[in-house]
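Worksheet: one structure, shown below.
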Amino acid sequence: MLKILVKARLQGMFSTMFRGSKKKKEKKKKNSLIMKILIALLAVYVIGVLGFLFGFYFDMMAVPFHTFGIDWLYFTFMAIFAFALMFISSVFMTYSQLYEAKDNELLLAMPIPPGAILGSRMISLYVINLAFELLVVVPAMVVYGMNIGLEVISVVMTILISLLLPLFSLALSSILGGLLAIIGSKIRNKNIFTMIFSCAFLFAYFYFYTGIMEYMQMLVNNGTIIAAKIKAVALPVYWIGNGIAEGNLLETLYVIAIFAVVFGIVYAVLSATFIKAATTKKGVAKRVYREKSLVVSNLKAALLKKELRHFVSSPTYMLNAGLGVLFNLVAIIAMIIKRDDLVVLISGIPGVNKMVGVIVAAMLTMLATLNIITAPSISIEGKTLWISKSFPIKAKDFLLAKLNLHVVITMPPIVLGAIAAICCFDVTITDCVIMLVLPVAANYVCALLGLIINLYMPKFNWDTEAIAIKQSGSTVVAMFGSFALWLVPLLLYALWLYKVINIVNFVVVVTVIMVLLAVALYALLMTAGSKVYGRLQS
Amino acid sequence: MLKISHLTKKYGDKKAVDDLSLEIGAGEIYAFIGHNGAGKTTTIKACCGLLNFDEGDIWIDGIPVKEKPLECKQMLAYIPDNPDLYDFMSGIKYLNFVADVFGVSKEDREKRIAEYADTFGLTEDLAQPISAYSHGMKQKLAIISALIHTPKLIIMDEPFVGLDPKAAHSLKLIMRNICDNGGAIFFSTHVLEVAEKLCDKVAIIKEGKLVVSGGMDEVKGDSSLESVFLELEGEQDA
């Protein structure tokens, strides 16, 4: 029974990316293959980047720690980094898998013990955690092996600890997931809570990430002091590292026993309360309607309002598709607060002061291409597509509403960013034009590109909106396409055109091309795009 | 009000609807019955302009659906078998959105929403997000939204599924009232007793083909609609 449940859960988790419609099987098969290749490329890229990053950090520690005779601290940090990555990456997944799974009631109605349902979810999450753990452990072991050398017994201890450490992470993320579920059920506006929590999480992450080199240097410089403190106050943490470094089986067994016991307690508690947690109807007091005057809007305004409501109702949509807005706002604030520092910095570097316009235009363009609001906008209509299709709404109006949503959300921060830069720096008229027009045009191209791609690659058969937003082919292709908008000109200039044309003139040409591209894509959307919309079926 | 002429819709090589012709006049309630997968929903979706079809024509009040879909949609209302509505809106916001799309005046929308929400016992819940609605409440909301712009033709797919007895009774009265005022209703159902008591005409579809159609009395004769339906199914199977 457990095997069947685990298989179904893992299939469900991994197939969402590749599952297509039953229609036009051959075409879908081809699209699916292209998607698989694209997603595989993305996966290889992410794994490669993370592996390289962790390898780089561990490379900073390996030799100094070995020199001071505190090799165990190296492996302790390996376990801490692995735990942190597992915990951060899977806490939201644990929350949704354990506390918000849609099939809880369906499975509980079948002759399946609640422990087996919970067990199947835990095993699936364990597999995911293990995959995250390997992203740290593999580069750490390779780096240590290359710099210092590895003994077989250390590798065996690493495998033992690596197999049990995900259980510890899973236990703690289950507890935090439970707390989130309780808080979420007590507050009226869950979306605001999720947004604030996610943004805080994101800012904390970036704050930590920007200072990571400093922290790493601090770790290396104070290795012996940290080692002494850990040994004194957190003996099990010492056992993790020493078990691997010295090949100490007893200490390794102590550690894995602790992991197993903590997990066992959490599992037993969750198992005993699973039915209650899965079937208790969560929610806040009912809001009773009081009759009031209704606001009348014309068709275009009504459609845009509908799109805006959809956008702001979904933290997943806002955070994943509108990330550029957040960074744009941070950039504007930074430009205003750090104006003097920036002016000194730029005027101090020869040649750069003449390139302010180019730098700001490139930066705003890069931020603009992080916004892919339109890319899942048709897919997230899902089973409600019948509403707009059965109403007297022109295809053009339907599509323009989605395009305008992107513009309304993303354009003001871009324009404000350009204005802030114009006020901050000493710039020419040409600089002003490229700082304003290039990011605005690139942003519009992103919106058009996302919408056109989604028209041709819709995904309506999702279980949760997050699948359409985060894992659909349309989003992946739009993301790559948007990156190409700045990456292609950058590479072209860096590799070849720098010999032919001055950078400012080159950016002017790119701006003109971007405007023309926007016009062409708009024409394509209004003609061919409208026809494709007419054929869409959810 | 609704004329379907030689409608054919294929999915690959399979004909979901095969040369189907029907005519529904003003003032008529027309039931459309058939087993699961017979082609009812495909026919209904084609009538509403939701589905392109391969052959034939459909007219709403004399206007061809293929050539002028927007004019046709302005005159009709469609209620699907499973009312998936915008979960991110509240009930009242959804109704107001529908009224905006159909260009219903402020006074008319406020009056009609109050009237129909009261009839279906949904007034108190209108401020709730649709995501918190039960299936029956969503069905009621879909019905109210279909009535806001006083359509000439209402096309419904299994409209009674999920409704409580009081709401089902109210819907029947509203359907009769619409038709008495010159409107027309075309709906599919598996509840043959309802079709028999409520409808002026009936059409039975099997494997995409129209088996029988006409006035209710004419089709069922002295027996019940259920007997006729089962007999037709049996004859075909034999």
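Here, A, B, ... name the chains of the structure tokens in the order displayed, residue numbers run from 1 inside each chain, and ligands are numbered from 1 in the same displayed order.
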What lies within 10 Å of segment 8-14 of chain B using only C-alpha atoms, ignoring chain neighbours under 2 positions off, as a PDB file with N, CA and C atoms, in the first residue's frame?
```
ATOM      1  N   LYS A  23      -5.224  16.293 -26.456  1.00  0.00           N
ATOM      2  CA  LYS A  23      -5.433  16.661 -27.847  1.00  0.00           C
ATOM      3  C   LYS A  23      -4.110  16.797 -28.598  1.00  0.00           C
ATOM      4  N   LYS A  24      -4.198  16.615 -29.880  1.00  0.00           N
ATOM      5  CA  LYS A  24      -3.047  16.767 -30.772  1.00  0.00           C
ATOM      6  C   LYS A  24      -1.815  16.073 -30.190  1.00  0.00           C
TER       7      LYS A  24
ATOM      8  N   SER B   5     -28.719  23.376 -37.375  1.00  0.00           N
ATOM      9  CA  SER B   5     -28.960  22.712 -38.645  1.00  0.00           C
ATOM     10  C   SER B   5     -27.758  21.854 -39.056  1.00  0.00           C
ATOM     11  N   HIS B   6     -27.998  20.555 -39.097  1.00  0.00           N
ATOM     12  CA  HIS B   6     -26.988  19.575 -39.551  1.00  0.00           C
ATOM     13  C   HIS B   6     -25.629  19.757 -38.844  1.00  0.00           C
ATOM     14  N   ALA B  16     -18.531  13.289 -32.457  1.00  0.00           N
ATOM     15  CA  ALA B  16     -19.200  13.475 -31.155  1.00  0.00           C
ATOM     16  C   ALA B  16     -20.646  13.885 -31.376  1.00  0.00           C
ATOM     17  N   VAL B  17     -20.873  14.677 -32.412  1.00  0.00           N
ATOM     18  CA  VAL B  17     -22.236  15.050 -32.801  1.00  0.00           C
ATOM     19  C   VAL B  17     -22.326  14.830 -34.304  1.00  0.00           C
ATOM     20  N   ASP B  18     -23.400  14.148 -34.705  1.00  0.00           N
ATOM     21  CA  ASP B  18     -23.488  13.720 -36.102  1.00  0.00           C
ATOM     22  C   ASP B  18     -24.784  14.211 -36.758  1.00  0.00           C
ATOM     23  N   ASP B  19     -24.663  15.241 -37.573  1.00  0.00           N
ATOM     24  CA  ASP B  19     -25.776  15.743 -38.378  1.00  0.00           C
ATOM     25  C   ASP B  19     -27.026  16.028 -37.531  1.00  0.00           C
ATOM     26  N   LEU B  20     -26.848  16.784 -36.501  1.00  0.00           N
ATOM     27  CA  LEU B  20     -27.955  17.046 -35.573  1.00  0.00           C
ATOM     28  C   LEU B  20     -28.694  18.336 -35.951  1.00  0.00           C
ATOM     29  N   SER B  21     -30.004  18.257 -36.022  1.00  0.00           N
ATOM     30  CA  SER B  21     -30.810  19.450 -36.307  1.00  0.00           C
ATOM     31  C   SER B  21     -31.920  19.588 -35.269  1.00  0.00           C
ATOM     32  N   GLY B  39     -23.124  13.321 -26.431  1.00  0.00           N
ATOM     33  CA  GLY B  39     -22.889  14.499 -27.285  1.00  0.00           C
ATOM     34  C   GLY B  39     -23.671  15.729 -26.832  1.00  0.00           C
ATOM     35  N   THR B  42     -21.229  18.708 -25.952  1.00  0.00           N
ATOM     36  CA  THR B  42     -20.601  19.205 -27.189  1.00  0.00           C
ATOM     37  C   THR B  42     -21.587  20.076 -27.960  1.00  0.00           C
ATOM     38  N   THR B  43     -22.832  19.606 -28.072  1.00  0.00           N
ATOM     39  CA  THR B  43     -23.858  20.381 -28.781  1.00  0.00           C
ATOM     40  C   THR B  43     -24.074  21.731 -28.086  1.00  0.00           C
ATOM     41  N   ALA B  46     -21.213  24.121 -28.579  1.00  0.00           N
ATOM     42  CA  ALA B  46     -21.210  24.651 -29.953  1.00  0.00           C
ATOM     43  C   ALA B  46     -22.245  25.767 -30.079  1.00  0.00           C
ATOM     44  N   LEU B  51     -17.237  26.229 -28.780  1.00  0.00           N
ATOM     45  CA  LEU B  51     -16.586  25.135 -29.492  1.00  0.00           C
ATOM     46  C   LEU B  51     -16.797  25.320 -30.992  1.00  0.00           C
ATOM     47  N   ASN B  52     -15.715  25.279 -31.746  1.00  0.00           N
ATOM     48  CA  ASN B  52     -15.871  25.342 -33.205  1.00  0.00           C
ATOM     49  C   ASN B  52     -16.419  24.011 -33.683  1.00  0.00           C
ATOM     50  N   PHE B  53     -17.221  24.030 -34.732  1.00  0.00           N
ATOM     51  CA  PHE B  53     -17.761  22.766 -35.246  1.00  0.00           C
ATOM     52  C   PHE B  53     -17.393  22.581 -36.709  1.00  0.00           C
ATOM     53  N   ASP B  54     -17.495  21.329 -37.160  1.00  0.00           N
ATOM     54  CA  ASP B  54     -16.991  20.993 -38.495  1.00  0.00           C
ATOM     55  C   ASP B  54     -17.997  21.262 -39.605  1.00  0.00           C
ATOM     56  N   GLU B  55     -19.242  20.891 -39.340  1.00  0.00           N
ATOM     57  CA  GLU B  55     -20.275  21.085 -40.380  1.00  0.00           C
ATOM     58  C   GLU B  55     -21.551  21.612 -39.745  1.00  0.00           C
ATOM     59  N   GLY B  56     -22.400  22.186 -40.594  1.00  0.00           N
ATOM     60  CA  GLY B  56     -23.697  22.673 -40.133  1.00  0.00           C
ATOM     61  C   GLY B  56     -23.659  24.137 -39.725  1.00  0.00           C
ATOM     62  N   ASP B  57     -24.803  24.594 -39.224  1.00  0.00           N
ATOM     63  CA  ASP B  57     -24.918  25.992 -38.798  1.00  0.00           C
ATOM     64  C   ASP B  57     -25.787  26.089 -37.549  1.00  0.00           C
ATOM     65  N   GLY B 208     -24.215  10.769 -30.498  1.00  0.00           N
ATOM     66  CA  GLY B 208     -24.078  11.928 -31.373  1.00  0.00           C
ATOM     67  C   GLY B 208     -25.232  12.160 -32.323  1.00  0.00           C
ATOM     68  N   LYS B 209     -26.145  11.197 -32.398  1.00  0.00           N
ATOM     69  CA  LYS B 209     -27.256  11.347 -33.352  1.00  0.00           C
ATOM     70  C   LYS B 209     -28.560  11.597 -32.615  1.00  0.00           C
TER      71      LYS B 209
END
```
Discussion item. Set the distance at 6 Å and use only C-alpha atoms: which residues neighbour Ala184 of chain B once local chain neighbours fewer than 6 positions away are removed? I'd like the list as a list of chain:residue names.
Written reply: B:Ala26, B:Gly27, B:Glu28, B:Ile29, B:Leu153
Discussion item. Please find the residues of chain B near chain A - the criterion being any atom within 6 Å, counting only C-alpha atoms - and write them as a PyMOL selection string.
Written reply: chain B and resi 50+70+73-74+84-85+88+100-101+124+126-128
Practice prompt. Determine the nearest neighbour of Val202 of chain B from the options B:Pro83, B:Gly37, B:Gly49, B:Gly215, counting only C-alpha atoms.
Written response: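 Closest residue, counting only C-alpha atoms: B:Gly215.
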Worksheet item: Of the candidates B:Ile174, B:Val211, B:Ile58, B:Val219, which shows the shortest atom-to-atom distance to Glu233 of chain B, using only C-alpha atoms?
Response: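 Checking each candidate against Glu233 of chain B, we get B:Val211 as the closest.
Across the structure, atom CA of Tyr74 of chain A and atom CA of Phe58 of chain A are spaced 7.8 Å apart.
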Item to complete: Fewer than 3 positions away in the same chain doesn't count, so skip those; otherwise give me all residues within 12 Å of Ser134 of chain B, counting only C-alpha atoms, as JSON, numbers by chain.
Response: {"B": [82, 83, 84, 85, 87, 122, 125, 128, 129, 130, 131, 137, 138, 139, 140, 141, 162, 163, 164]}
Practice prompt. Write down as a PyMOL selection string the residues belonging to segment 134-210 of chain B that are assigned helix (DSSP H, G or I) by DSSP computed on the backbone.
Written response: chain B and resi 135-147+165-180+192-198
Output the selection as a compact mmCIF listing (two decimals), in the first residue's frame - N, CA, C and O atoms for each residue.
```txt
# COMPACT_ATOMS: atom_id res chain seq x y z
N HIS B 135 -20.47 23.47 -3.74
CA HIS B 135 -20.85 23.26 -5.15
C HIS B 135 -22.22 23.89 -5.43
O HIS B 135 -22.42 24.58 -6.43
N GLY B 136 -23.16 23.66 -4.50
CA GLY B 136 -24.52 24.20 -4.68
C GLY B 136 -24.53 25.71 -4.72
O GLY B 136 -25.24 26.32 -5.52
N MET B 137 -23.74 26.33 -3.85
CA MET B 137 -23.69 27.80 -3.82
C MET B 137 -23.09 28.35 -5.11
O MET B 137 -23.55 29.36 -5.64
N LYS B 138 -22.08 27.66 -5.63
CA LYS B 138 -21.49 28.09 -6.91
C LYS B 138 -22.53 27.97 -8.03
O LYS B 138 -22.60 28.82 -8.91
N GLN B 139 -23.31 26.90 -7.96
CA GLN B 139 -24.35 26.69 -8.98
C GLN B 139 -25.38 27.82 -8.92
O GLN B 139 -25.79 28.35 -9.94
N LYS B 140 -25.74 28.17 -7.69
CA LYS B 140 -26.72 29.27 -7.52
C LYS B 140 -26.14 30.57 -8.07
O LYS B 140 -26.82 31.34 -8.75
N LEU B 141 -24.85 30.82 -7.76
CA LEU B 141 -24.21 32.05 -8.23
C LEU B 141 -24.15 32.08 -9.77
O LEU B 141 -24.40 33.12 -10.39
N ALA B 142 -23.83 30.92 -10.35
CA ALA B 142 -23.77 30.84 -11.82
C ALA B 142 -25.15 31.12 -12.41
O ALA B 142 -25.27 31.80 -13.44
N ILE B 143 -26.19 30.62 -11.75
CA ILE B 143 -27.55 30.86 -12.25
C ILE B 143 -27.91 32.35 -12.15
O ILE B 143 -28.41 32.95 -13.10
N ILE B 144 -27.60 32.95 -11.00
CA ILE B 144 -27.90 34.38 -10.84
C ILE B 144 -27.14 35.19 -11.89
O ILE B 144 -27.70 36.10 -12.52
N SER B 145 -25.86 34.85 -12.10
CA SER B 145 -25.07 35.60 -13.09
C SER B 145 -25.64 35.45 -14.50
O SER B 145 -25.53 36.35 -15.32
N ALA B 146 -26.27 34.31 -14.74
CA ALA B 146 -26.87 34.09 -16.07
C ALA B 146 -28.14 34.92 -16.26
O ALA B 146 -28.53 35.21 -17.38
N LEU B 147 -28.76 35.28 -15.16
CA LEU B 147 -30.03 36.00 -15.25
C LEU B 147 -29.88 37.52 -15.24
O LEU B 147 -30.81 38.25 -15.56
N PRO B 165 -33.60 21.40 -2.76
CA PRO B 165 -34.97 21.34 -3.32
C PRO B 165 -35.62 22.71 -3.50
O PRO B 165 -36.30 22.96 -4.49
N LYS B 166 -35.39 23.61 -2.55
CA LYS B 166 -36.02 24.94 -2.65
C LYS B 166 -35.45 25.71 -3.85
O LYS B 166 -36.21 26.31 -4.62
N ALA B 167 -34.13 25.64 -3.99
CA ALA B 167 -33.49 26.36 -5.10
C ALA B 167 -33.90 25.74 -6.43
O ALA B 167 -34.13 26.46 -7.41
N ALA B 168 -34.03 24.40 -6.46
CA ALA B 168 -34.44 23.73 -7.69
C ALA B 168 -35.87 24.17 -8.06
O ALA B 168 -36.16 24.45 -9.25
N HIS B 169 -36.70 24.27 -7.06
CA HIS B 169 -38.09 24.73 -7.30
C HIS B 169 -38.09 26.17 -7.81
O HIS B 169 -38.79 26.48 -8.79
N SER B 170 -37.28 27.02 -7.19
CA SER B 170 -37.21 28.42 -7.62
C SER B 170 -36.73 28.51 -9.06
O SER B 170 -37.25 29.30 -9.85
N LEU B 171 -35.75 27.69 -9.40
CA LEU B 171 -35.21 27.72 -10.76
C LEU B 171 -36.28 27.33 -11.78
O LEU B 171 -36.40 27.95 -12.84
N LYS B 172 -37.06 26.32 -11.42
CA LYS B 172 -38.13 25.88 -12.34
C LYS B 172 -39.12 27.02 -12.57
O LYS B 172 -39.55 27.27 -13.71
N LEU B 173 -39.48 27.72 -11.50
CA LEU B 173 -40.42 28.84 -11.64
C LEU B 173 -39.83 29.95 -12.51
O LEU B 173 -40.51 30.51 -13.36
N ILE B 174 -38.56 30.23 -12.28
CA ILE B 174 -37.89 31.28 -13.08
C ILE B 174 -37.84 30.88 -14.55
O ILE B 174 -38.10 31.68 -15.45
N MET B 175 -37.53 29.61 -14.79
CA MET B 175 -37.46 29.12 -16.18
C MET B 175 -38.80 29.31 -16.88
O MET B 175 -38.88 29.78 -18.02
N ARG B 176 -39.86 28.95 -16.17
CA ARG B 176 -41.19 29.07 -16.76
C ARG B 176 -41.53 30.54 -17.01
O ARG B 176 -42.06 30.90 -18.06
N ASN B 177 -41.16 31.36 -16.06
CA ASN B 177 -41.45 32.79 -16.16
C ASN B 177 -40.72 33.42 -17.35
O ASN B 177 -41.28 34.23 -18.09
N ILE B 178 -39.45 33.03 -17.54
CA ILE B 178 -38.67 33.56 -18.67
C ILE B 178 -39.34 33.20 -19.99
O ILE B 178 -39.49 34.02 -20.90
N CYS B 179 -39.76 31.95 -20.08
CA CYS B 179 -40.38 31.50 -21.34
C CYS B 179 -41.75 32.14 -21.54
O CYS B 179 -42.13 32.44 -22.68
N ASP B 180 -42.48 32.34 -20.47
CA ASP B 180 -43.78 33.02 -20.59
C ASP B 180 -43.61 34.44 -21.09
O ASP B 180 -44.53 35.03 -21.67
N LEU B 192 -35.19 12.83 -15.51
CA LEU B 192 -36.26 12.76 -16.53
C LEU B 192 -37.61 13.25 -16.00
O LEU B 192 -38.41 13.79 -16.76
N GLU B 193 -37.84 13.08 -14.70
CA GLU B 193 -39.10 13.56 -14.12
C GLU B 193 -39.22 15.08 -14.27
O GLU B 193 -40.29 15.61 -14.59
N VAL B 194 -38.09 15.77 -14.03
CA VAL B 194 -38.09 17.23 -14.14
C VAL B 194 -38.37 17.62 -15.60
O VAL B 194 -39.20 18.48 -15.88
N ALA B 195 -37.68 16.95 -16.51
CA ALA B 195 -37.86 17.26 -17.93
C ALA B 195 -39.33 17.05 -18.33
O ALA B 195 -39.93 17.88 -19.03
N GLU B 196 -39.87 15.96 -17.85
CA GLU B 196 -41.25 15.61 -18.22
C GLU B 196 -42.25 16.64 -17.73
O GLU B 196 -43.17 17.03 -18.45
N LYS B 197 -42.06 17.09 -16.49
CA LYS B 197 -43.02 18.03 -15.91
C LYS B 197 -42.83 19.45 -16.40
O LYS B 197 -43.77 20.21 -16.50
N LEU B 198 -41.57 19.82 -16.68
CA LEU B 198 -41.25 21.23 -16.92
C LEU B 198 -41.23 21.61 -18.41
O LEU B 198 -41.55 22.74 -18.77
```
Worksheet item: Hey, what's within 9 Å of Ala99 of chain B if we count only C-alpha atoms and toss same-chain stuff fewer than 5 positions away? As a list in words, please?
Response: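 The residues that qualify are Val296 of chain A; Tyr94, Val104, Ser105, Lys106, Arg109, Ser145, Ile148 and His149 of chain B.
Taking atom CA of Ile240 of chain A as the reference point, atom CA of Val138 of chain A is found at 16.4 Å.
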Worksheet item: Residues at most 9 Å from segment 112-120 of chain A, counting only C-alpha atoms, excluding those fewer than 4 positions away in the same chain, as a ChimeraX atom specification?
Response: /A:1-7,9,98,104,107-108,124-125,267-268,270-272,274-275
If we count only C-alpha atoms, what is near Glu226 of chain B at a cut-off of 10 Å, once residues fewer than 2 positions away on the same chain are taken out, given as an mmCIF file with N, CA, C and O atoms, in the first residue's frame?
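For reference, selection_33.cif as written:
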```cif
data_model
loop_
_atom_site.group_PDB
_atom_site.id
_atom_site.type_symbol
_atom_site.label_atom_id
_atom_site.label_comp_id
_atom_site.auth_asym_id
_atom_site.auth_seq_id
_atom_site.Cartn_x
_atom_site.Cartn_y
_atom_site.Cartn_z
ATOM 1 N N HIS B 190 -30.350 14.733 -16.650
ATOM 2 C CA HIS B 190 -30.540 13.299 -16.470
ATOM 3 C C HIS B 190 -31.762 13.037 -15.603
ATOM 4 O O HIS B 190 -32.122 11.891 -15.379
ATOM 5 N N VAL B 191 -32.343 14.122 -15.074
ATOM 6 C CA VAL B 191 -33.517 13.962 -14.209
ATOM 7 C C VAL B 191 -34.766 13.999 -15.112
ATOM 8 O O VAL B 191 -35.287 15.064 -15.441
ATOM 9 N N LEU B 192 -35.195 12.832 -15.510
ATOM 10 C CA LEU B 192 -36.256 12.758 -16.525
ATOM 11 C C LEU B 192 -37.610 13.250 -16.000
ATOM 12 O O LEU B 192 -38.415 13.792 -16.762
ATOM 13 N N GLU B 193 -37.838 13.083 -14.700
ATOM 14 C CA GLU B 193 -39.102 13.557 -14.123
ATOM 15 C C GLU B 193 -39.216 15.077 -14.271
ATOM 16 O O GLU B 193 -40.286 15.605 -14.587
ATOM 17 N N ALA B 195 -37.682 16.955 -16.510
ATOM 18 C CA ALA B 195 -37.864 17.260 -17.928
ATOM 19 C C ALA B 195 -39.329 17.049 -18.326
ATOM 20 O O ALA B 195 -39.927 17.879 -19.027
ATOM 21 N N GLU B 196 -39.872 15.962 -17.846
ATOM 22 C CA GLU B 196 -41.252 15.607 -18.218
ATOM 23 C C GLU B 196 -42.254 16.643 -17.727
ATOM 24 O O GLU B 196 -43.172 17.028 -18.448
ATOM 25 N N LYS B 220 -43.579 11.225 -25.652
ATOM 26 C CA LYS B 220 -43.809 10.180 -24.629
ATOM 27 C C LYS B 220 -45.142 9.460 -24.795
ATOM 28 O O LYS B 220 -45.324 8.354 -24.273
ATOM 29 N N SER B 223 -47.013 6.778 -22.230
ATOM 30 C CA SER B 223 -46.070 6.288 -21.201
ATOM 31 C C SER B 223 -45.254 7.450 -20.612
ATOM 32 O O SER B 223 -45.501 8.598 -20.936
ATOM 33 N N SER B 224 -44.314 7.115 -19.762
ATOM 34 C CA SER B 224 -43.481 8.161 -19.159
ATOM 35 C C SER B 224 -42.250 8.411 -20.039
ATOM 36 O O SER B 224 -41.881 7.558 -20.857
ATOM 37 N N VAL B 228 -39.826 5.847 -22.376
ATOM 38 C CA VAL B 228 -39.464 6.097 -23.775
ATOM 39 C C VAL B 228 -37.945 6.091 -23.932
ATOM 40 O O VAL B 228 -37.403 5.466 -24.841
ATOM 41 N N PHE B 229 -37.297 6.766 -22.988
ATOM 42 C CA PHE B 229 -35.834 6.868 -23.050
ATOM 43 C C PHE B 229 -35.188 5.483 -22.958
ATOM 44 O O PHE B 229 -34.336 5.124 -23.768
ATOM 45 N N LEU B 230 -35.656 4.694 -21.975
ATOM 46 C CA LEU B 230 -35.073 3.361 -21.779
ATOM 47 C C LEU B 230 -35.383 2.448 -22.967
ATOM 48 O O LEU B 230 -34.552 1.651 -23.396
ATOM 49 N N GLU B 231 -36.580 2.621 -23.501
ATOM 50 C CA GLU B 231 -36.974 1.810 -24.663
ATOM 51 C C GLU B 231 -36.081 2.123 -25.873
ATOM 52 O O GLU B 231 -35.600 1.230 -26.557
ATOM 53 N N LEU B 232 -35.839 3.427 -26.056
ATOM 54 C CA LEU B 232 -34.983 3.830 -27.181
ATOM 55 C C LEU B 232 -33.558 3.304 -27.001
ATOM 56 O O LEU B 232 -32.929 2.837 -27.939
#
```
Practice prompt. Kindly indicate which residue among A:Ala421, A:Val415, A:Ala257, A:Leu163 lies nearest to Met335 of chain A, using only C-alpha atoms for the distances.
Written response: A:Ala421
Worksheet item: So which residues of segment 53-237 of chain B fall under strand (DSSP E or B) by DSSP, listed as an MDAnalysis selection string?
Response: chainID B and resid 55:60 63:64 76:79 90 129 153:157 184:188 201:206 209:215
